[in-house]
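Here is target.cif, consisting of mmCIF, C-alpha atoms and all ligand atoms:
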```cif
data_work
#
loop_
_atom_site.label_atom_id
_atom_site.label_comp_id
_atom_site.auth_asym_id
_atom_site.auth_seq_id
_atom_site.Cartn_x
_atom_site.Cartn_y
_atom_site.Cartn_z
CA MET O 644 -91.94 50.57 -5.30
CA MET O 645 -93.42 47.73 -7.37
CA ILE O 646 -95.20 45.26 -5.09
CA SER O 647 -97.23 42.19 -5.98
CA ARG O 648 -98.76 39.68 -3.62
CA ASN O 649 -99.23 35.93 -3.32
CA ALA O 650 -100.95 33.95 -0.56
CA SER O 651 -98.22 34.23 2.08
CA SER O 652 -95.88 37.05 1.06
CA LEU O 653 -95.12 40.08 -1.10
CA GLN O 654 -92.84 40.32 -4.11
CA VAL O 655 -91.04 43.64 -4.09
CA SER O 656 -88.87 45.04 -6.91
CA SER O 657 -85.19 44.93 -6.01
CA ASP O 658 -84.74 48.58 -7.05
CA GLY O 659 -87.52 49.72 -4.71
CA LEU O 660 -86.14 47.72 -1.82
CA ARG O 661 -82.62 48.98 -2.53
CA ALA O 662 -83.79 52.62 -2.42
CA LEU O 663 -85.59 51.93 0.86
CA ALA O 664 -82.49 50.35 2.40
CA GLU O 665 -80.29 53.26 1.30
CA THR O 666 -82.73 55.77 2.81
CA ILE O 667 -82.75 53.94 6.15
CA PHE O 668 -78.97 54.05 6.48
CA ARG O 669 -78.71 57.63 5.15
CA LYS O 670 -81.22 58.72 7.82
CA ARG O 671 -78.79 57.42 10.47
CA GLY O 672 -75.98 59.58 9.06
CA VAL O 673 -74.25 56.86 7.06
CA PRO O 674 -72.35 58.55 4.19
CA LYS O 675 -73.97 58.06 0.77
CA LYS O 676 -71.32 55.77 -0.72
CA ASP O 677 -71.38 53.55 2.39
CA ALA O 678 -75.20 53.44 2.43
CA VAL O 679 -75.16 52.43 -1.25
CA LEU O 680 -72.69 49.63 -0.50
CA VAL O 681 -74.59 48.34 2.54
CA ALA O 682 -77.89 48.38 0.63
CA ASP O 683 -76.26 46.61 -2.29
CA ILE O 684 -74.93 43.69 -0.25
CA LEU O 685 -78.31 43.23 1.48
CA ILE O 686 -80.22 43.30 -1.81
CA GLU O 687 -77.68 40.98 -3.46
CA ALA O 688 -78.30 38.48 -0.64
CA ASN O 689 -82.04 38.54 -1.36
CA LEU O 690 -81.48 38.38 -5.11
CA ARG O 691 -79.11 35.43 -4.82
CA GLY O 692 -81.58 33.45 -2.71
CA HIS O 693 -79.97 34.06 0.69
CA ASP O 694 -82.94 35.85 2.29
CA SER O 695 -81.49 35.08 5.72
CA HIS O 696 -78.82 37.73 4.98
CA GLY O 697 -80.90 40.23 3.06
CA VAL O 698 -83.12 43.11 4.21
CA ILE O 699 -84.26 41.00 7.18
CA ARG O 700 -80.97 42.13 8.77
CA ILE O 701 -81.77 45.85 8.58
CA PRO O 702 -83.60 46.22 11.93
CA ASN O 703 -80.75 44.54 13.79
CA TRP O 704 -78.04 46.60 12.06
CA ILE O 705 -80.02 49.77 12.79
CA LYS O 706 -80.32 48.71 16.43
CA GLY O 707 -76.51 48.71 16.60
CA LEU O 708 -76.32 52.24 15.11
CA ASP O 709 -79.16 53.61 17.22
CA CYS O 710 -77.67 52.38 20.52
CA GLY O 711 -74.23 53.75 19.62
CA ALA O 712 -72.43 50.40 19.60
CA LEU O 713 -71.83 50.92 15.86
CA LYS O 714 -70.70 54.14 14.18
CA SER O 715 -72.49 55.60 11.17
CA VAL O 716 -69.29 57.29 10.09
CA CYS O 717 -66.33 55.04 10.72
CA GLN O 718 -62.65 55.43 9.98
CA PRO O 719 -61.23 51.92 9.57
CA SER O 720 -57.44 51.96 9.75
CA VAL O 721 -54.60 49.61 8.89
CA VAL O 722 -52.99 49.04 12.28
CA ARG O 723 -50.37 46.54 11.09
CA ASP O 724 -48.92 46.15 7.63
CA LYS O 725 -46.13 43.67 6.98
CA GLY O 726 -45.44 42.45 3.45
CA ALA O 727 -48.37 40.37 2.26
CA THR O 728 -50.23 40.66 5.57
CA ALA O 729 -52.20 43.39 7.32
CA LEU O 730 -54.59 43.96 10.18
CA ILE O 731 -57.45 46.45 9.93
CA HIS O 732 -59.22 47.98 12.94
CA GLY O 733 -62.79 48.52 11.80
CA ASP O 734 -63.57 51.42 14.16
CA TYR O 735 -66.97 49.84 14.99
CA GLY O 736 -68.18 50.42 11.46
CA LEU O 737 -70.86 48.60 9.53
CA GLY O 738 -69.28 45.33 8.41
CA PRO O 739 -69.56 45.80 4.63
CA VAL O 740 -67.87 49.22 4.78
CA VAL O 741 -64.83 47.78 6.55
CA ALA O 742 -64.87 44.55 4.56
CA LYS O 743 -64.72 46.51 1.30
CA LYS O 744 -61.57 48.25 2.52
CA ALA O 745 -60.09 44.86 3.45
CA THR O 746 -61.01 43.45 0.03
CA ASP O 747 -59.35 46.36 -1.78
CA LEU O 748 -56.20 45.96 0.34
CA VAL O 749 -55.96 42.19 -0.04
CA LEU O 750 -56.28 42.52 -3.83
CA GLN O 751 -53.47 45.06 -3.88
CA LYS O 752 -51.31 42.69 -1.80
CA ALA O 753 -52.04 39.72 -4.04
CA LYS O 754 -51.04 41.81 -7.06
CA ASN O 755 -47.81 42.92 -5.31
CA PHE O 756 -46.81 39.71 -3.54
CA GLY O 757 -48.80 36.94 -5.28
CA VAL O 758 -50.79 36.45 -2.08
CA GLY O 759 -52.42 38.67 0.52
CA VAL O 760 -53.94 38.05 3.93
CA VAL O 761 -55.88 40.79 5.69
CA SER O 762 -57.53 40.30 9.07
CA VAL O 763 -60.23 42.60 10.39
CA ARG O 764 -61.27 43.32 13.96
CA LYS O 765 -63.95 45.60 15.40
CA ALA O 766 -66.22 45.55 12.34
CA SER O 767 -69.82 44.36 12.58
CA HIS O 768 -71.67 41.72 10.50
CA ILE O 769 -70.24 41.57 6.97
CA GLY O 770 -73.29 39.96 5.31
CA ILE O 771 -72.95 37.36 2.54
CA LEU O 772 -69.29 36.47 2.25
CA GLN O 773 -69.51 35.66 -1.45
CA TYR O 774 -69.97 39.37 -2.18
CA TYR O 775 -66.27 39.90 -1.42
CA SER O 776 -64.79 36.64 -2.74
CA GLN O 777 -66.67 37.04 -6.01
CA TRP O 778 -65.43 40.60 -6.41
CA LEU O 779 -61.85 39.34 -5.93
CA ALA O 780 -62.33 36.54 -8.48
CA GLU O 781 -63.77 39.07 -10.95
CA LYS O 782 -60.45 40.92 -10.58
CA GLY O 783 -58.59 37.71 -11.53
CA VAL O 784 -57.48 36.37 -8.13
CA ILE O 785 -58.76 33.51 -5.99
CA GLY O 786 -60.77 35.03 -3.11
CA ILE O 787 -61.22 33.32 0.25
CA VAL O 788 -63.10 34.88 3.18
CA VAL O 789 -64.00 33.50 6.63
CA THR O 790 -65.68 35.04 9.64
CA ASN O 791 -66.71 33.85 13.09
CA THR O 792 -70.05 34.46 14.78
CA GLU O 793 -71.85 34.11 18.09
CA PRO O 794 -72.27 30.57 19.52
CA GLY O 795 -75.27 28.75 18.08
CA VAL O 796 -73.83 25.47 16.83
CA ALA O 797 -73.09 22.36 18.87
CA PRO O 798 -69.66 20.86 18.16
CA PHE O 799 -69.87 17.25 16.93
CA GLY O 800 -70.94 15.06 19.86
CA SER O 801 -72.01 17.98 22.08
CA ARG O 802 -75.46 19.45 22.66
CA GLN O 803 -74.21 22.87 23.74
CA GLN O 804 -73.94 26.01 21.63
CA ILE O 805 -70.19 26.60 21.49
CA LEU O 806 -69.40 27.41 17.87
CA GLY O 807 -70.73 30.03 15.48
CA THR O 808 -72.11 29.24 12.05
CA ASN O 809 -68.59 30.30 10.96
CA PRO O 810 -68.96 30.55 7.19
CA LEU O 811 -66.39 30.12 4.45
CA THR O 812 -66.38 31.33 0.87
CA ILE O 813 -63.97 30.56 -1.97
CA SER O 814 -64.34 32.11 -5.44
CA VAL O 815 -62.23 31.26 -8.47
CA PRO O 816 -61.87 33.17 -11.73
CA SER O 817 -63.28 31.44 -14.79
CA GLU O 818 -63.87 32.44 -18.40
CA GLY O 819 -67.25 33.88 -17.40
CA ALA O 820 -68.69 34.66 -13.97
CA PRO O 821 -66.57 33.22 -11.11
CA TYR O 822 -67.52 29.90 -9.56
CA LEU O 823 -67.94 30.12 -5.84
CA VAL O 824 -68.82 28.26 -2.71
CA ASP O 825 -70.28 30.19 0.21
CA MET O 826 -71.54 28.22 3.16
CA SER O 827 -72.01 28.26 6.87
CA THR O 828 -70.31 25.33 8.55
CA SER O 829 -73.63 24.52 10.19
CA VAL O 830 -76.24 22.57 8.21
CA ALA O 831 -78.01 25.90 7.62
CA ALA O 832 -77.28 29.53 8.45
CA ARG O 833 -78.90 30.59 11.75
CA GLY O 834 -80.73 33.31 9.81
CA LYS O 835 -82.62 30.62 7.89
CA ILE O 836 -84.11 29.44 11.20
CA VAL O 837 -84.99 33.03 12.15
CA ASN O 838 -86.56 33.37 8.69
CA ALA O 839 -88.66 30.23 9.21
CA LEU O 840 -89.78 31.56 12.62
CA GLU O 841 -90.73 34.88 11.00
CA ARG O 842 -92.79 33.08 8.35
CA GLY O 843 -94.40 30.66 10.83
CA GLU O 844 -92.80 27.71 9.03
CA SER O 845 -91.08 24.62 10.40
CA ILE O 846 -87.45 23.81 9.58
CA PRO O 847 -86.24 20.67 7.83
CA GLU O 848 -85.20 17.68 9.95
CA GLY O 849 -81.50 17.48 10.63
CA TRP O 850 -80.89 21.22 10.96
CA ALA O 851 -81.06 21.52 14.74
CA ILE O 852 -81.60 19.98 18.17
CA ASP O 853 -83.71 21.34 21.05
CA GLY O 854 -82.44 22.23 24.53
CA GLU O 855 -82.51 18.56 25.54
CA GLY O 856 -80.46 17.51 22.54
CA ASN O 857 -83.38 15.94 20.66
CA PRO O 858 -83.90 16.56 16.92
CA THR O 859 -86.44 19.33 16.27
CA THR O 860 -88.22 20.95 13.32
CA ASN O 861 -89.57 23.78 15.50
CA PRO O 862 -87.57 27.01 14.89
CA THR O 863 -88.25 28.36 18.42
CA GLU O 864 -86.98 25.14 20.03
CA ALA O 865 -84.05 25.09 17.61
CA LEU O 866 -82.97 28.58 18.66
CA LYS O 867 -83.14 27.49 22.32
CA GLY O 868 -81.19 24.34 21.52
CA ALA O 869 -78.42 24.33 18.93
CA LEU O 870 -77.77 24.14 15.21
CA LEU O 871 -75.96 21.05 13.97
CA PRO O 872 -72.65 21.23 12.13
CA ALA O 873 -72.75 20.45 8.39
CA GLY O 874 -71.37 17.01 7.62
CA GLY O 875 -71.07 15.96 11.27
CA ALA O 876 -67.50 15.86 12.58
CA LYS O 877 -66.09 17.40 9.38
CA GLY O 878 -68.19 20.59 9.51
CA SER O 879 -67.57 20.81 13.23
CA ALA O 880 -63.79 20.62 12.73
CA LEU O 881 -63.96 23.20 9.93
CA ALA O 882 -65.95 25.60 12.15
CA ILE O 883 -63.36 25.24 14.90
CA MET O 884 -60.50 26.04 12.51
CA ILE O 885 -62.43 29.04 11.09
CA ASP O 886 -62.78 30.37 14.65
CA PHE O 887 -58.96 30.44 14.80
CA LEU O 888 -58.50 31.95 11.31
CA ALA O 889 -61.18 34.63 11.78
CA GLY O 890 -61.29 35.53 15.49
CA GLY O 891 -57.91 34.19 16.57
CA LEU O 892 -55.78 35.83 13.88
CA ALA O 893 -57.52 39.20 14.23
CA GLY O 894 -56.89 39.29 17.99
CA GLY O 895 -60.59 38.74 18.65
CA SER O 896 -62.44 35.95 20.43
CA VAL O 897 -63.35 32.34 19.71
CA GLY O 898 -66.12 29.98 20.88
CA THR O 899 -68.65 31.26 23.39
CA LYS O 900 -66.94 34.66 23.77
CA VAL O 901 -67.67 35.72 20.19
CA SER O 902 -70.06 38.65 19.72
CA GLY O 903 -70.73 41.48 17.30
CA THR O 904 -72.39 39.67 14.39
CA MET O 905 -75.94 39.10 15.61
CA ASN O 906 -75.58 41.00 18.88
CA THR O 907 -75.15 44.39 17.27
CA ASP O 908 -75.54 46.21 20.61
CA GLN O 909 -72.59 44.42 22.21
CA GLU O 910 -68.82 44.82 22.04
CA ILE O 911 -67.47 43.35 18.81
CA THR O 912 -65.11 40.43 19.42
CA LYS O 913 -65.61 38.55 16.15
CA GLY O 914 -63.02 38.72 13.39
CA ASP O 915 -62.83 38.30 9.61
CA MET O 916 -60.06 37.08 7.37
CA PHE O 917 -59.63 37.93 3.67
CA LEU O 918 -57.18 35.93 1.59
CA ALA O 919 -56.34 36.46 -2.07
CA ILE O 920 -54.06 34.36 -4.28
CA ASP O 921 -52.92 35.47 -7.72
CA PRO O 922 -52.85 32.27 -9.81
CA GLY O 923 -50.55 34.01 -12.29
CA SER O 924 -47.85 34.35 -9.61
CA ILE O 925 -47.63 30.64 -8.96
CA GLY O 926 -48.18 29.30 -12.45
CA SER O 927 -50.02 30.37 -15.55
CA LYS O 928 -53.30 32.18 -14.98
CA ARG O 929 -54.54 30.98 -18.37
CA ARG O 930 -53.83 27.37 -17.41
CA PHE O 931 -55.58 27.83 -14.06
CA VAL O 932 -58.71 29.19 -15.72
CA GLY O 933 -58.43 26.32 -18.20
CA CYS O 934 -58.54 23.84 -15.28
CA VAL O 935 -61.60 25.58 -13.86
CA GLU O 936 -63.42 25.39 -17.20
CA GLU O 937 -62.34 21.77 -17.77
CA LEU O 938 -63.86 20.57 -14.50
CA ALA O 939 -66.93 22.78 -14.92
CA SER O 940 -67.52 21.13 -18.29
CA GLU O 941 -67.13 17.61 -16.83
CA ILE O 942 -69.57 18.48 -14.05
CA HIS O 943 -72.12 20.10 -16.36
CA ASN O 944 -71.96 17.14 -18.73
CA SER O 945 -72.17 14.50 -16.02
CA GLN O 946 -75.23 12.23 -15.88
CA PRO O 947 -77.80 13.81 -13.54
CA LEU O 948 -79.52 11.75 -10.88
CA PRO O 949 -83.15 10.88 -11.59
CA GLY O 950 -85.19 14.00 -10.75
CA THR O 951 -82.23 16.39 -11.20
CA GLU O 952 -82.50 18.63 -14.21
CA MET O 953 -78.90 19.81 -14.39
CA VAL O 954 -75.76 19.29 -12.34
CA LEU O 955 -74.61 22.72 -11.17
CA MET O 956 -71.21 24.19 -10.41
CA PRO O 957 -71.00 25.99 -7.05
CA GLY O 958 -72.34 29.53 -7.37
CA GLU O 959 -74.70 28.72 -10.24
CA PHE O 960 -77.53 28.23 -7.76
CA GLU O 961 -77.16 31.91 -6.83
CA ARG O 962 -77.06 33.02 -10.48
CA ILE O 963 -80.29 31.16 -11.24
CA GLN O 964 -81.98 32.67 -8.17
CA LYS O 965 -80.82 36.16 -9.09
CA LYS O 966 -82.21 35.94 -12.61
CA LYS O 967 -85.56 34.75 -11.24
CA ASN O 968 -85.74 37.34 -8.46
CA LEU O 969 -84.78 40.23 -10.74
CA LYS O 970 -87.74 39.29 -12.88
CA ASN O 971 -90.31 38.36 -10.21
CA GLY O 972 -89.24 40.60 -7.34
CA ILE O 973 -87.87 39.78 -3.90
CA ASP O 974 -90.14 37.69 -1.74
CA ILE O 975 -90.59 39.19 1.74
CA THR O 976 -93.27 39.11 4.41
CA GLU O 977 -95.66 42.06 4.85
CA LYS O 978 -94.53 42.29 8.49
CA LEU O 979 -90.89 42.77 7.48
CA LEU O 980 -91.72 45.32 4.78
CA THR O 981 -93.81 47.35 7.25
CA GLU O 982 -91.02 47.17 9.83
CA ILE O 983 -88.36 48.48 7.46
CA GLN O 984 -90.68 51.10 5.94
CA LYS O 985 -91.10 52.49 9.49
CA LEU O 986 -87.32 52.69 9.84
CA ALA O 987 -87.20 54.88 6.72
CA GLU O 988 -89.71 57.40 8.09
N1 LIG Y 1001 -71.45 37.16 7.88
C1 LIG Y 1001 -71.77 36.16 8.65
O1 LIG Y 1001 -71.49 36.20 9.83
C2 LIG Y 1001 -72.49 34.95 8.09
C3 LIG Y 1001 -72.72 33.85 8.91
C4 LIG Y 1001 -73.34 32.72 8.36
C5 LIG Y 1001 -73.73 32.71 7.04
N2 LIG Y 1001 -73.49 33.81 6.27
C6 LIG Y 1001 -73.92 33.85 4.88
O2 LIG Y 1001 -75.19 33.24 4.75
C7 LIG Y 1001 -75.36 32.79 3.43
C8 LIG Y 1001 -76.12 31.49 3.46
O3 LIG Y 1001 -75.31 30.42 4.00
P1 LIG Y 1001 -75.86 28.92 3.95
O4 LIG Y 1001 -74.88 28.05 4.62
O5 LIG Y 1001 -77.25 28.89 4.44
O6 LIG Y 1001 -75.86 28.67 2.38
P2 LIG Y 1001 -76.65 27.57 1.51
O7 LIG Y 1001 -76.74 26.31 2.30
O8 LIG Y 1001 -77.90 28.15 0.99
O9 LIG Y 1001 -75.64 27.38 0.30
C9 LIG Y 1001 -74.34 26.83 0.50
C10 LIG Y 1001 -73.67 26.57 -0.84
O10 LIG Y 1001 -74.40 25.56 -1.53
C11 LIG Y 1001 -74.71 25.99 -2.85
N3 LIG Y 1001 -76.08 25.56 -3.15
C12 LIG Y 1001 -77.20 25.85 -2.42
N4 LIG Y 1001 -78.26 25.25 -2.97
C13 LIG Y 1001 -77.81 24.59 -4.07
C14 LIG Y 1001 -78.42 23.79 -5.07
N5 LIG Y 1001 -79.75 23.55 -5.07
N6 LIG Y 1001 -77.63 23.27 -6.03
C15 LIG Y 1001 -76.31 23.51 -6.06
N7 LIG Y 1001 -75.67 24.27 -5.15
C16 LIG Y 1001 -76.40 24.79 -4.17
C17 LIG Y 1001 -74.62 27.51 -2.85
O11 LIG Y 1001 -74.15 27.93 -4.13
C18 LIG Y 1001 -73.61 27.77 -1.78
O12 LIG Y 1001 -72.30 27.86 -2.31
C19 LIG Y 1001 -73.96 32.76 2.82
O13 LIG Y 1001 -73.86 33.79 1.88
C20 LIG Y 1001 -73.02 33.04 3.99
O14 LIG Y 1001 -71.87 33.80 3.66
C21 LIG Y 1001 -72.88 34.92 6.76
#
```
As structure tokens - that is how I would like this structure written.
Ligand SMILES: NC(=O)c1ccc[n+]([C@@H]2O[C@H](COP(=O)([O-])OP(=O)(O)OC[C@H]3O[C@@H](n4cnc5c(N)ncnc54)[C@H](O)[C@@H]3O)[C@@H](O)[C@H]2O)c1
Amino acid sequence: MMISRNASSLQVSSDGLRALAETIFRKRGVPKKDAVLVADILIEANLRGHDSHGVIRIPNWIKGLDCGALKSVCQPSVVRDKGATALIHGDYGLGPVVAKKATDLVLQKAKNFGVGVVSVRKASHIGILQYYSQWLAEKGVIGIVVTNTEPGVAPFGSRQQILGTNPLTISVPSEGAPYLVDMSTSVAARGKIVNALERGESIPEGWAIDGEGNPTTNPTEALKGALLPAGGAKGSALAIMIDFLAGGLAGGSVGTKVSGTMNTDQEITKGDMFLAIDPGSIGSKRRFVGCVEELASEIHNSQPLPGTEMVLMPGEFERIQKKKNLKNGIDITEKLLTEIQKLAE
């Protein structure tokens, strides 16, 4: 494994880290193709600049396997299938393994019916949502994915952790790589606070409040208090609706009863929803892609603010990060590398 070092962290080659991740899951009896998939989504998170959802998640996912709450070999099954809709029972599998099955099924439905909606229950953390929506957009359909997570976010006006970081991704086909948004409905993903804690760093103002409801930049206090919703009342409302779409539709839980994303040793009550729309069924796919390119061009050619080099389309941030990280290596702490190397022994 290629490793270089700067003052505060290590830069590890993505191939080396990928092989390490695969070994860890293989050692727990995860079938090879599933271990490859799980390692890929974790490494993609690191490569795309979402370290909060990269290899830092391995110890927690392994905890779920080691305590028996999650199964190394799972048999997800379609328990309801009606026209364009379906429900998958994840059989307590690793989230990406079940999510891949849901993504394949929703694509098939969108091709057959113009639209597909697949809900998933009893599958663990599915990682970065854009992995699935982007794959759908690469196949020519619009991909939308939501999930709900353990309480950590205060609804607008409250100081209590009621909502999850309930993320949403939408990817659209374009002439090149899909454009995509992928965001928690909190100001930042909870994992970014855990990451800051791990690195001994403070968090930016406006991300969280402490247990008393006061603004804090201290990650420990933030985890005791609550994350703030993105965009105030709007992000809060979006998170509430995602709870219904993800947990509610799948027959899972909402609000404070949600578990199974971070708490890998507990019963899974979270849910996921995968939605795919074939633009060619509603109108002309060529015209749709034309619209995407037209707006992308207007945005790229717009006048940047002073200090901004280039105005980006959503998803381009990730592409820039990936190019940089493929070249320079993935930045992780020595403590994390040692911890995951031990898990591979
Ligand atoms: N599976 C789960 O339970 C779960 C829960 C929460 C978050 N997540 C994942 O965590 C990841 C991180 O979420 P987040 O909310 O911290 O994301 P973020 O705030 O880093 O990014 C949100 C969006 O903003 C865009 N963006 C970011 N920086 C940009 C810049 N400088 N210029 C232009 N666009 C920019 C990104 O392309 C992205 O679409 C996501 O992949 C999400 O799916 C997963």
Within 6 Å of ligand LIG 1001 (chain Y), counting only C-alpha atoms and all ligand atoms, residues as a list in words: His693, His696, His768, Ile769, Gly770, Ile771, Leu772, Gln773, Thr790, Thr792, Thr808, Asn809, Pro810, Val824, Asp825, Met826, Ser827, Ala831, Ala832, Thr904, Leu955, Pro957, Gly958, Phe960 and Glu961 of chain O
Please save C-alpha atoms of the selected residues as a compact mmCIF listing (two decimals), in the coordinates of the input.
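File written: result_2.txt
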```txt
# COMPACT_ATOMS: atom_id res chain seq x y z
CA HIS O 693 -79.97 34.06 0.69
CA HIS O 696 -78.82 37.73 4.98
CA HIS O 768 -71.67 41.72 10.50
CA ILE O 769 -70.24 41.57 6.97
CA GLY O 770 -73.29 39.96 5.31
CA ILE O 771 -72.95 37.36 2.54
CA LEU O 772 -69.29 36.47 2.25
CA GLN O 773 -69.51 35.66 -1.45
CA THR O 790 -65.68 35.04 9.64
CA THR O 792 -70.05 34.46 14.78
CA THR O 808 -72.11 29.24 12.05
CA ASN O 809 -68.59 30.30 10.96
CA PRO O 810 -68.96 30.55 7.19
CA VAL O 824 -68.82 28.26 -2.71
CA ASP O 825 -70.28 30.19 0.21
CA MET O 826 -71.54 28.22 3.16
CA SER O 827 -72.01 28.26 6.87
CA ALA O 831 -78.01 25.90 7.62
CA ALA O 832 -77.28 29.53 8.45
CA THR O 904 -72.39 39.67 14.39
CA LEU O 955 -74.61 22.72 -11.17
CA PRO O 957 -71.00 25.99 -7.05
CA GLY O 958 -72.34 29.53 -7.37
CA PHE O 960 -77.53 28.23 -7.76
CA GLU O 961 -77.16 31.91 -6.83
```
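Among O:Leu680, O:Asn689, O:Lys985, O:Leu811, the residue with the shortest atom-to-atom distance to O:Gln654, counting all atoms listed in the file, is O:Asn689.
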Nearest to O:Gly868 by atom-to-atom distance, counting only C-alpha atoms, from O:Arg930, O:His943, O:Arg691, O:Arg802: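 Selected residue with least distance to O:Gly868: O:Arg802.
Note that atom CA of O:Leu713 and atom CA of O:Glu977 are 27.7 Å apart.
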Point (-85.6, 16.5, 8.0), cut-off 10 Å, counting all atoms listed in the file, residues as a ChimeraX atom specification: /O:846-851,858-860
10 Å contact set for O:Ile925, all atoms listed in the file, chain neighbours under 4 positions out, as a list in words: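 Result of the neighbour search: Gly757, Val758, Ile920, Asp921 and Phe931 of chain O.
Residues of protein, DNA and RNA with at least one atom no farther than 8 Å from (-60.7, 33.7, 12.7) are, using all atoms listed in the file, O:Val789, O:Thr790, O:Asn791, O:Met884, O:Ile885, O:Asp886, O:Phe887, O:Leu888, O:Ala889, O:Gly890, O:Gly891, O:Leu892, O:Ala893, O:Gly895, O:Val897, O:Lys913, O:Gly914, O:Asp915, O:Met916.
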Surrounding residues of O:Ser817 excluding itself and chain neighbours under 6 positions, 9 Å, only C-alpha atoms, as a PyMOL selection string: chain O and resi 780-781+783+931-936
Residue among O:Ile787, O:Leu779, O:Leu748, O:Ala682 lying closest to O:Thr812, counting only C-alpha atoms: O:Ile787
